[in-house]
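Trainee: If you scroll down you'll find the structure; I have some questions about it.
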There are 2 protein chains.
Amino acid sequence: MADLSRSVPFDRSQFEELMKKRFFFSPSFQIYGGISGLFDYGPPGSALQTNIVDLWRKHFIIEESMLEVDCSMLTPHDVLKTSGHVDKFCDWMCKDPSTGEIFRADHLVEEVLEARLKGDKEARAKETGATNVAVQEESEDKKKRKKKVKEIKVTRLDDETVREYEFILAQIDNYDGQQLTDIMKVHDIRNPANNGELESPRQFNLMFQTQIGPSGGLQGYLRPETAQGQFLNFNRLLEFNNGKVPFASAMIGKAFRNEISPRSGLLRVREFLMGEVEHFVDPQNKEHDRFDEVAHIPLRLLPRAVQVEGKSEVVEMTIGDAVKKGVVDNTTLGYFMARISLFLEKIGIDMSRLRFRQHMSNEMAHYACDCWDAEIQCSYGWIECVGCADRSAYDLTVHSKATKTPLVVQEALPEPIVVEEYVVEVNKKKFGPRFKRDAKAVEEEMLNWTQEVKETKSAQLASQGRVTVVANGVEHEVDAELVTVEKQQRKEHTRTFTPNVIEPSFGLGRLLYCLMEHSFWARPEDTQRGVLSFPAVVAPIKALIVPLSRNAEFNPVVRKLSAKLRSLGVSNKVDDSNANIGRRYARNDELGTPFGLTVDFETLENSSITLRERDTTKQVRGSQEDIINALVALTEGKMLWKNAVEKFGEFNATQDFIFWLDTSIIQTIIAELFV
Amino acid sequence: MADLSRSVPFDRSQFEELMKKRFFFSPSFQIYGGISGLFDYGPPGSALQTNIVDLWRKHFIIEESMLEVDCSMLTPHDVLKTSGHVDKFCDWMCKDPSTGEIFRADHLVEEVLEARLKGDKEARAKETGATNVAVQEESEDKKKRKKKVKEIKVTRLDDETVREYEFILAQIDNYDGQQLTDIMKVHDIRNPANNGELESPRQFNLMFQTQIGPSGGLQGYLRPETAQGQFLNFNRLLEFNNGKVPFASAMIGKAFRNEISPRSGLLRVREFLMGEVEHFVDPQNKEHDRFDEVAHIPLRLLPRAVQVEGKSEVVEMTIGDAVKKGVVDNTTLGYFMARISLFLEKIGIDMSRLRFRQHMSNEMAHYACDCWDAEIQCSYGWIECVGCADRSAYDLTVHSKATKTPLVVQEALPEPIVVEEYVVEVNKKKFGPRFKRDAKAVEEEMLNWTQEVKETKSAQLASQGRVTVVANGVEHEVDAELVTVEKQQRKEHTRTFTPNVIEPSFGLGRLLYCLMEHSFWARPEDTQRGVLSFPAVVAPIKALIVPLSRNAEFNPVVRKLSAKLRSLGVSNKVDDSNANIGRRYARNDELGTPFGLTVDFETLENSSITLRERDTTKQVRGSQEDIINALVALTEGKMLWKNAVEKFGEFNATQDFIFWLDTSIIQTIIAELFV
């Protein structure tokens with residue numbers, strides 16, 4: 001990692017300027033005015049994304065023999081109705097009926113109350129005659145966001161109201177629609193622009209709707225997560241894994257969320273890349289057999305118990321200890337948390353700005369029973385980048401029920417077990433004639449009784465000679481000669497169970513953004529230029545090749561060198577533009593290119609070349625062959641830069657000065673001197 | 001390549017059975033009844049796709065330093081209105097008003113006329129008393145397709161009608177809505193199920209519609225191609241390339257097409273993966289500077305001129321000759337055609353079933369001015385898998401006009417040129433007072449005159465002292481004292497032009513399907529089992545590791561071997577199931593795994609292992625180190641199998657027999673013998 005402590009303080013506008021200038025990303029459809037929440041990645045952003053995806057695939061899918069799938073994004077209504085997304089994947093919005101403007105209710109409440117608190121602070125300050133108003137520091141995000149509240153009214157609030165506002169703001173993420181409606185009524189929250197009254201908040205489903213097939217076709221949505229396709233293919237995946245759990249499936253793909261009013265740049269977008277793992281496990285045995293390999297890894301944890309006390313200090317401990325102490329529930333959850341941490345470290349996330357926060361029970365998604373988020377700190381605050389949820393048997397159970405398809409594991413028992421249970425048996429011959437067209441419904445009702453009910457009914461039959469059954473809304477009396485309910489024994493050779501699911505779910509776009517921020521710094525000696533210190537393994541391009549000047553003699557060497565590196569898997573870029581070498585290197589520091597190779601006149605004589613490292617700007621020199629070998633080792637992480645310096649010695653040639661000038665001009669001058 | 005001539009004849013149902021059994025792909029949402037035109041890829045299908053994408057990226061993007069981008073799928077209406085997709089990306093459908101059933105008009109006409117022709121043939125056969133009716137062979141596709149026409153009526157047609165039907169069928173892809181309407185009327189085409197009259201065909205737009213943002217939000221679509229995002233980012237890309245053309249951008253991503261009634265399995269789906277290259281080039285210079293590298297490559301061409309004559313014989317020639325003879329327009333188009341061919345060969349497409357067919361002028365997409373399709377022959381016929389179109393300046397021009405944003409290249413001229421042209425100059429002082437609120441419109445109208453008009457008006461001003469200008473729908477007389485239109489000279493230092501676009505566009509899903517068909521065969525000695533002979537570079541998994549039996553002693557060796565191979569980038573799978581080795585190998589032949597490693601008792605003694613090749617089923621044996629090195633070389637294409645056999649010698653151990661039995665059973669027998 002680069003020594004970022006040398007950097008000048010992080011400045012988001014400088015960072016964003018670089019992102020735009022070097023086309024890491026930019027708003028989609030910009031020449032048409034742009035659409036908020038949609039972004040395009042340019043060449044360096046795309047390459048970074050590809051490298052992160054590639055590493056993700058190696059780190060998770062290949063390393064753990066996960067079963068990768070690629071499922072449809074278009075999803076029919078029924079699937080998402082069952083999964084709960086049609087009813088619960090919503091935000092609350094409210095509309096100004098006079099202007100048609102739409103607000104996200106929780107965001108509006110937050111902003112209005114914050115503005116009132118600010119006005120109160122100013123009023124109090126005036127009262128006491130204080131000149132320095134200690135207004136709470138606003139996050140960068142809030143500063144940049146397009147404000148709905150344009151001006152702060154200096155109005156004194158009573159202490160009780162201040163406390164109430166503060167309480168609401170602390171809880172803002174947890175309110176449902178009714179609570180938001182109440183708050184808006186009680187605290188008279190209106191459209192800040194025109195003071196107009198707003199309609200009550202109503203649910204807005206965050207899925208993009210569409211029709212599949214010709215008009216009047218099938219109602220569908222764009223998937224809100226990649227998980228559902230994996231659940232629906234459970235039986236095929238289980239078969240692929242020879243019928244055994246645990247196993248994990250995985251998918252990398254886009255998902256969609258129709259945000260009411262997107263903000264925070266790349267962090268809250270309408271179309272995003274996810275990487276999701278669904279690890280299917282026996283609910284009675286959530287042990288992971290490779291946990292030993294990661295038990296020593298330290299994590300920074302923020303457990304629920306700490307948050308409940310209103311604190312936010314992280315607890316640092318090894319994942320082994322965390323599981324032992326019961327902070328983390330089981331070794332499978334623990335294994336994935338550690339593997340997530342290793343992955344984030346590998347791509348270059350600053351580990352001191354990573355924490356695992358356990359969800360509070362009221363903030364979990366509708367399907368989860370436990371969840372630890374890997375949160376990364378950036379200029380927008382702590383951002384959830386990876387969720388690691390225990391979805392229990394929720395999804396498989398609901399889909400199985402809705403489709404009447406068993407989604408279960410059958411495990412051969414070491415030896416058969418004897419099961420004793422009440423069994424309903426119907427006298428078919430007499431049953432039909434007696435109940436006629438209700439016969440089937442009555443029978444089904446009885447077969448579906450729970451063991452407890454069957455026990456009661458069995459006793460009733462014995463004592464009263466009949467039982468009452470409600471079917472098709474009608475009460476039927478069933479005599480003992482038509483049915484028996486008796487305890488029976490049977491041998492079971494297999495155990496049938498619905499597996500639980502542990503789900504590490506990556507917002508790869510968010511990770512990419514945090515990584516770019518963490519990698520950004522500026523040299524104190526050149527504060528105008530940024531540097532992006534990506535690890536070589538994810539850097540968009542591994543090496544820059546620069547001929548000393550535009551002298552045509554360099555072309556064949558440069559072309560050969562570029563082809564050679566490509567064949568060795570080292571992506572590279574040639575910059576033979578007019579700019580001086582210093583400028584060309586600085587340009588590539590902004591692209592995060594870790595290494596640079598200079599071809600000069602000495603190269604033509606003895607084939608030696610110079611290798612420059614981005615973060616230290618130090619150089620070494622050696623034969624082409626040696627330098628290429630070192631470069632491959634460096635990009636593959638098999639050699640450190642300091643080892644390269646040890647091997648070749650630091651290079652400080654006297655002609656270094658010339659590097660910083662456009663040598664073609666010098667040659668012209670020299671040529672003219674000798675005319 | 002495997003020697004497929006050994007194979008039994010291709011049988012699509014056997015092939016599809018294997019695809020399903022080994023979960024290469026399957027219909028999406030199957031437990032919910034499935035949605036036609038949507039498919040999920042299982043683990044081997046996904047891995048194959050990933051490897052093809054990876055190779056595509058290396059072969060095109062990395063090798064040619066293309067600028068990769070990743071743009072949004074959600075696209076606002078205005079963009080696709082401009083591009084022409086809102087108006088022209090349509091099929092014709094017609095509805096039975098009594099049942100609501102919807103037909104794709106061209107498909108229905110095709111099917112009904114084919115059925116009538118068949119009925120006619122049978123009738124004629126009966127007349128002549130022929131017993132063997134020579135009914136034209138139907139393609140596999142047509143056989144499988146869900147027929148709308150359930151029964152063939154044996155009815156004699158007159159010769160004129162037969163000729164007319166045949167003519168219509170030959171042209172079926174070229175009719176527009178009015179023509180389809182006429183045909184349906186003239187030939188009385190009705191709903192085959194109930195003989196009900198159908199509504200006239202109407203256009204059905206093939207894009208999936210959605211709303212972006214909260215209700216009443218912005219009309220949007222899912223992109224029908226990945227190209228538009230690249231065009232909209234043209235200025236940023238040009239800047240990234242230091243303002244110079246030619247350069248190419250590229251994108252790999254999903255696109256969508258809301259088919260009326262999808263058919264042909266993976267070949268015509270509603271959601272598909274594309275790889276598109278947009279090569280921006282100076283329209284005055286379409287030479288490609290790397291054409292020399294490919295000029296010698298032979299291609300099988302089906303030029304327009306041949307098709308016009310009603311023939312379909314391919315012409316085989318090198319791409320160098322094709323360009324020289326003017327068959328292919330320019331070296332850039334030629335370069336990409338050759339590079340496409342090389343790519344298809346690399347992934348394992350059978351070159352004898354590849355041809356490049358030039359589009360007829362009436363079948364080109366609305367934006368194209370020339371197009372060569374790489375078509376691959378499979379059991380569904382010749383399938384368009386890669387389009388290589390010259391989109392000329394169409395897209396950049398329309399987007400530039402719609403957004404008033406210049407999308408052009410400015411090229412410094414070697415020396416300035418003098419341009420002579422008529423220039424309109426307005427006397428601002430007098431102009432405003434004279435025309436008042438029409439002044440601006442009148443001025444703009446005049447400034448927008450073409451050179452030809454300006455010349456005429458200049459003459460009029462000179463002769464009549466006034467000109468007539470129509471602005472805001474009103475005629476205005478403009479006197480010579482208010483305006484001058486005179487010839488002027490000016491120096492131009494730059495040339496400004498809109499680049500042309502050459503676009504190789506890959507349907508990666510179609511390629512994947514064709515590759516699977518081309519790779520499939522069955523050994524004459526085991527016709528029930530299929531083999532998928534993928535080249536190692538794209539094979540889902542490179543190596544299978546099989547311990548001889550479930551003996552626990554093998555576990556550490558197997559685990560170490562697997563980890564070692566993974567670290568060397570060789571993806572592998574361990575099969576330590578109960579099945580005998582022969583069965584385990586056969587299973588992996590069906591997955592297309594090219595190599596197998598056997599760990600046996602000798603491995604425990606002297607660490608030697610056996611390496612098996614999929615297509616020949618031959619084996620070699622050597623030390624673990626040597627075999628691993630050979631395996632890496634084999635999977636990277638640096639060694640051929642025959643070289644491996646030469647190096648190690650073919651291995652035919654006497655214990656081979658044991659391989660074909662379940663050795664754990666044998667051990668049990670042996671153990672029992674000695675009790």
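Residue numbers start at 1 in each chain; chains themselves are named A, B, ... in the order of the structure tokens; ligands are numbered from 1 in the order shown.
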Stretch 547-606 of chain B: which residues are alpha helix (DSSP H) by DSSP, as a ChimeraX atom specification?

Mentor: /B:554-567,581-591,601-606

Trainee: Export, as a CSV table (one decimal), in the first residue's frame, the selected residues with N, CA, C and O atoms.

Mentor:
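Written out: out28.csv:
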chain,number,residue,atom,x,y,z
B,554,PHE,N,-6.3,-41.4,0.6
B,554,PHE,CA,-6.1,-40.6,-0.6
B,554,PHE,C,-6.4,-39.1,-0.4
B,554,PHE,O,-5.9,-38.2,-1.1
B,555,ASN,N,-7.2,-38.9,0.7
B,555,ASN,CA,-7.7,-37.5,0.9
B,555,ASN,C,-6.6,-36.4,0.9
B,555,ASN,O,-6.7,-35.4,0.2
B,556,PRO,N,-5.5,-36.6,1.7
B,556,PRO,CA,-4.5,-35.5,1.8
B,556,PRO,C,-3.9,-35.2,0.4
B,556,PRO,O,-3.7,-34.1,0.0
B,557,VAL,N,-3.6,-36.3,-0.3
B,557,VAL,CA,-3.0,-36.1,-1.6
B,557,VAL,C,-3.9,-35.4,-2.6
B,557,VAL,O,-3.5,-34.4,-3.3
B,558,VAL,N,-5.2,-35.8,-2.6
B,558,VAL,CA,-6.2,-35.2,-3.5
B,558,VAL,C,-6.3,-33.7,-3.1
B,558,VAL,O,-6.4,-32.9,-4.0
B,559,ARG,N,-6.4,-33.4,-1.8
B,559,ARG,CA,-6.7,-32.0,-1.5
B,559,ARG,C,-5.5,-31.2,-1.9
B,559,ARG,O,-5.6,-30.0,-2.4
B,560,LYS,N,-4.3,-31.7,-1.7
B,560,LYS,CA,-3.1,-30.9,-2.0
B,560,LYS,C,-3.0,-30.7,-3.5
B,560,LYS,O,-2.7,-29.6,-4.0
B,561,LEU,N,-3.3,-31.7,-4.3
B,561,LEU,CA,-3.2,-31.7,-5.7
B,561,LEU,C,-4.2,-30.6,-6.2
B,561,LEU,O,-3.9,-29.8,-7.1
B,562,SER,N,-5.4,-30.6,-5.7
B,562,SER,CA,-6.4,-29.7,-6.1
B,562,SER,C,-6.0,-28.3,-5.8
B,562,SER,O,-6.1,-27.4,-6.7
B,563,ALA,N,-5.5,-28.0,-4.6
B,563,ALA,CA,-5.0,-26.7,-4.2
B,563,ALA,C,-3.9,-26.2,-5.1
B,563,ALA,O,-3.8,-25.1,-5.6
B,564,LYS,N,-2.9,-27.2,-5.4
B,564,LYS,CA,-1.8,-26.8,-6.3
B,564,LYS,C,-2.3,-26.4,-7.6
B,564,LYS,O,-1.8,-25.4,-8.2
B,565,LEU,N,-3.2,-27.2,-8.2
B,565,LEU,CA,-3.7,-26.8,-9.6
B,565,LEU,C,-4.4,-25.5,-9.6
B,565,LEU,O,-4.2,-24.7,-10.5
B,566,ARG,N,-5.2,-25.3,-8.5
B,566,ARG,CA,-5.9,-24.0,-8.4
B,566,ARG,C,-4.9,-22.8,-8.4
B,566,ARG,O,-5.1,-21.8,-9.1
B,567,SER,N,-3.9,-23.0,-7.6
B,567,SER,CA,-2.9,-21.9,-7.5
B,567,SER,C,-2.2,-21.7,-8.9
B,567,SER,O,-1.7,-20.6,-9.1
B,581,ILE,N,-14.5,-45.7,-11.4
B,581,ILE,CA,-13.7,-44.6,-12.1
B,581,ILE,C,-14.3,-44.4,-13.5
B,581,ILE,O,-14.3,-43.3,-14.0
B,582,GLY,N,-14.6,-45.5,-14.2
B,582,GLY,CA,-15.1,-45.3,-15.6
B,582,GLY,C,-16.3,-44.4,-15.6
B,582,GLY,O,-16.4,-43.5,-16.4
B,583,ARG,N,-17.2,-44.7,-14.7
B,583,ARG,CA,-18.5,-43.9,-14.6
B,583,ARG,C,-18.1,-42.4,-14.3
B,583,ARG,O,-18.7,-41.5,-14.9
B,584,ARG,N,-17.2,-42.2,-13.4
B,584,ARG,CA,-16.8,-40.9,-13.0
B,584,ARG,C,-16.2,-40.1,-14.2
B,584,ARG,O,-16.5,-38.9,-14.4
B,585,TYR,N,-15.4,-40.8,-15.0
B,585,TYR,CA,-14.8,-40.2,-16.2
B,585,TYR,C,-15.9,-39.9,-17.2
B,585,TYR,O,-15.9,-38.8,-17.8
B,586,ALA,N,-16.8,-40.8,-17.4
B,586,ALA,CA,-17.9,-40.6,-18.4
B,586,ALA,C,-18.7,-39.4,-18.0
B,586,ALA,O,-19.1,-38.6,-18.9
B,587,ARG,N,-19.0,-39.2,-16.7
B,587,ARG,CA,-19.7,-38.1,-16.2
B,587,ARG,C,-19.0,-36.8,-16.6
B,587,ARG,O,-19.7,-35.8,-17.0
B,588,ASN,N,-17.7,-36.8,-16.5
B,588,ASN,CA,-17.0,-35.6,-16.8
B,588,ASN,C,-16.7,-35.4,-18.3
B,588,ASN,O,-16.5,-34.3,-18.7
B,589,ASP,N,-16.8,-36.5,-19.1
B,589,ASP,CA,-16.8,-36.3,-20.5
B,589,ASP,C,-18.1,-35.5,-20.9
B,589,ASP,O,-18.0,-34.7,-21.8
B,590,GLU,N,-19.2,-35.8,-20.2
B,590,GLU,CA,-20.4,-35.1,-20.5
B,590,GLU,C,-20.3,-33.6,-20.1
B,590,GLU,O,-21.1,-32.8,-20.6
B,591,LEU,N,-19.4,-33.3,-19.2
B,591,LEU,CA,-19.2,-31.9,-18.8
B,591,LEU,C,-18.2,-31.2,-19.6
B,591,LEU,O,-17.9,-30.0,-19.5
B,601,PHE,N,-2.9,-46.2,-5.4
B,601,PHE,CA,-2.0,-46.7,-4.3
B,601,PHE,C,-0.6,-46.4,-4.7
B,601,PHE,O,0.2,-46.1,-3.8
B,602,GLU,N,-0.3,-46.5,-5.9
B,602,GLU,CA,1.1,-46.2,-6.4
B,602,GLU,C,1.5,-44.8,-6.1
B,602,GLU,O,2.6,-44.4,-5.8
B,603,THR,N,0.5,-43.9,-6.2
B,603,THR,CA,0.7,-42.5,-5.9
B,603,THR,C,1.2,-42.3,-4.5
B,603,THR,O,2.1,-41.5,-4.2
B,604,LEU,N,0.6,-43.1,-3.6
B,604,LEU,CA,1.0,-43.0,-2.2
B,604,LEU,C,2.4,-43.5,-2.0
B,604,LEU,O,3.2,-43.0,-1.1
B,605,GLU,N,2.8,-44.4,-2.8
B,605,GLU,CA,4.2,-45.0,-2.7
B,605,GLU,C,5.2,-44.1,-3.3
B,605,GLU,O,6.2,-43.7,-2.7
B,606,ASN,N,5.0,-43.8,-4.6
B,606,ASN,CA,6.1,-43.0,-5.3
B,606,ASN,C,5.6,-41.7,-5.9
B,606,ASN,O,6.3,-41.1,-6.7

Trainee: Starting from chain A, keep only residues with some atom at most 6 Å from an atom of chain B, counting only C-alpha atoms, and report them as a PyMOL selection string.

Mentor: chain A and resi 40-43+46+67-71+209-210+213-214+258+260

Trainee: Calculate how many Å separate atom CA of A:Arg510 from atom CA of A:Asp373, rounding to one decimal.

Mentor: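 Atom CA of A:Asp373 lies at a distance of 13.0 Å from atom CA of A:Arg510.
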
Trainee: Atom CA of B:Gly596 and atom CA of B:Asp526, how far apart in Å?

Mentor: 18.8 Å

Trainee: Of the candidates B:Lys642, B:Lys487, B:Arg124, B:Arg339, which one gets nearest to B:Phe291 if we count only C-alpha atoms?

Mentor: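 Of all the options, B:Arg339 lies closest to B:Phe291.
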
Trainee: Among stretch 422-591 of chain A, which ones does DSSP assign to strand (DSSP E or B) (computed from the backbone)? Answer as an MDAnalysis selection string.

Mentor: chainID A and resid 422:426 466:471 474:479 483:497 500:507 520:523 526:532 543:547 572:574

Trainee: Between atom CA of B:Cys385 and atom CA of B:Met19, what is the spacing in Å?

Mentor: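 Interatomic distance, atom CA of B:Met19 to atom CA of B:Cys385: 20.2 Å.
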
Trainee: Which polymer residues have any atom within 12 Å of an atom of A:Lys647, counting only C-alpha atoms, with same-chain residues fewer than 4 positions away left out, as a PyMOL selection string?

Mentor: chain A and resi 619-622+626-627+630+639-643+651

Trainee: Would you output that residue set with N, CA, C and O atoms, as a PDB file, in the first residue's frame?

Mentor:
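Listed below is the output, selection_11.pdb:
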ATOM      1  N   GLN A 619      12.872   4.489  -9.499  1.00  0.00           N
ATOM      2  CA  GLN A 619      13.114   3.714 -10.705  1.00  0.00           C
ATOM      3  C   GLN A 619      14.252   2.724 -10.521  1.00  0.00           C
ATOM      4  O   GLN A 619      15.132   2.925  -9.693  1.00  0.00           O
ATOM      5  N   VAL A 620      14.199   1.656 -11.292  1.00  0.00           N
ATOM      6  CA  VAL A 620      15.332   0.716 -11.370  1.00  0.00           C
ATOM      7  C   VAL A 620      15.607   0.485 -12.854  1.00  0.00           C
ATOM      8  O   VAL A 620      14.770   0.785 -13.706  1.00  0.00           O
ATOM      9  N   ARG A 621      16.789  -0.068 -13.153  1.00  0.00           N
ATOM     10  CA  ARG A 621      17.113  -0.310 -14.560  1.00  0.00           C
ATOM     11  C   ARG A 621      17.789  -1.670 -14.704  1.00  0.00           C
ATOM     12  O   ARG A 621      18.555  -2.082 -13.828  1.00  0.00           O
ATOM     13  N   GLY A 622      17.503  -2.353 -15.804  1.00  0.00           N
ATOM     14  CA  GLY A 622      18.133  -3.647 -16.023  1.00  0.00           C
ATOM     15  C   GLY A 622      17.912  -4.083 -17.455  1.00  0.00           C
ATOM     16  O   GLY A 622      17.345  -3.333 -18.261  1.00  0.00           O
ATOM     17  N   ASP A 626      15.332  -9.244 -17.689  1.00  0.00           N
ATOM     18  CA  ASP A 626      15.221  -9.214 -16.224  1.00  0.00           C
ATOM     19  C   ASP A 626      14.085  -8.313 -15.767  1.00  0.00           C
ATOM     20  O   ASP A 626      13.330  -8.645 -14.846  1.00  0.00           O
ATOM     21  N   ILE A 627      13.977  -7.162 -16.411  1.00  0.00           N
ATOM     22  CA  ILE A 627      12.942  -6.204 -15.998  1.00  0.00           C
ATOM     23  C   ILE A 627      11.546  -6.786 -16.266  1.00  0.00           C
ATOM     24  O   ILE A 627      10.645  -6.663 -15.427  1.00  0.00           O
ATOM     25  N   ALA A 630      10.758  -9.339 -13.637  1.00  0.00           N
ATOM     26  CA  ALA A 630      10.437  -8.670 -12.373  1.00  0.00           C
ATOM     27  C   ALA A 630       9.031  -8.079 -12.441  1.00  0.00           C
ATOM     28  O   ALA A 630       8.244  -8.203 -11.491  1.00  0.00           O
ATOM     29  N   MET A 639       6.437 -10.570  -5.989  1.00  0.00           N
ATOM     30  CA  MET A 639       7.629  -9.801  -5.648  1.00  0.00           C
ATOM     31  C   MET A 639       7.151  -8.455  -5.117  1.00  0.00           C
ATOM     32  O   MET A 639       6.142  -7.923  -5.588  1.00  0.00           O
ATOM     33  N   LEU A 640       7.872  -7.918  -4.131  1.00  0.00           N
ATOM     34  CA  LEU A 640       7.550  -6.592  -3.631  1.00  0.00           C
ATOM     35  C   LEU A 640       8.481  -5.581  -4.287  1.00  0.00           C
ATOM     36  O   LEU A 640       9.594  -5.924  -4.700  1.00  0.00           O
ATOM     37  N   TRP A 641       8.062  -4.338  -4.346  1.00  0.00           N
ATOM     38  CA  TRP A 641       8.875  -3.313  -5.000  1.00  0.00           C
ATOM     39  C   TRP A 641      10.234  -3.179  -4.317  1.00  0.00           C
ATOM     40  O   TRP A 641      11.263  -3.034  -4.966  1.00  0.00           O
ATOM     41  N   LYS A 642      10.235  -3.281  -2.969  1.00  0.00           N
ATOM     42  CA  LYS A 642      11.516  -3.121  -2.288  1.00  0.00           C
ATOM     43  C   LYS A 642      12.496  -4.233  -2.695  1.00  0.00           C
ATOM     44  O   LYS A 642      13.702  -4.008  -2.750  1.00  0.00           O
ATOM     45  N   ASN A 643      11.968  -5.419  -3.004  1.00  0.00           N
ATOM     46  CA  ASN A 643      12.847  -6.493  -3.486  1.00  0.00           C
ATOM     47  C   ASN A 643      13.410  -6.147  -4.858  1.00  0.00           C
ATOM     48  O   ASN A 643      14.577  -6.443  -5.149  1.00  0.00           O
ATOM     49  N   PHE A 651      17.800   3.582  -9.504  1.00  0.00           N
ATOM     50  CA  PHE A 651      18.386   4.174 -10.709  1.00  0.00           C
ATOM     51  C   PHE A 651      18.206   5.689 -10.662  1.00  0.00           C
ATOM     52  O   PHE A 651      17.097   6.198 -10.573  1.00  0.00           O
TER      53      PHE A 651
END
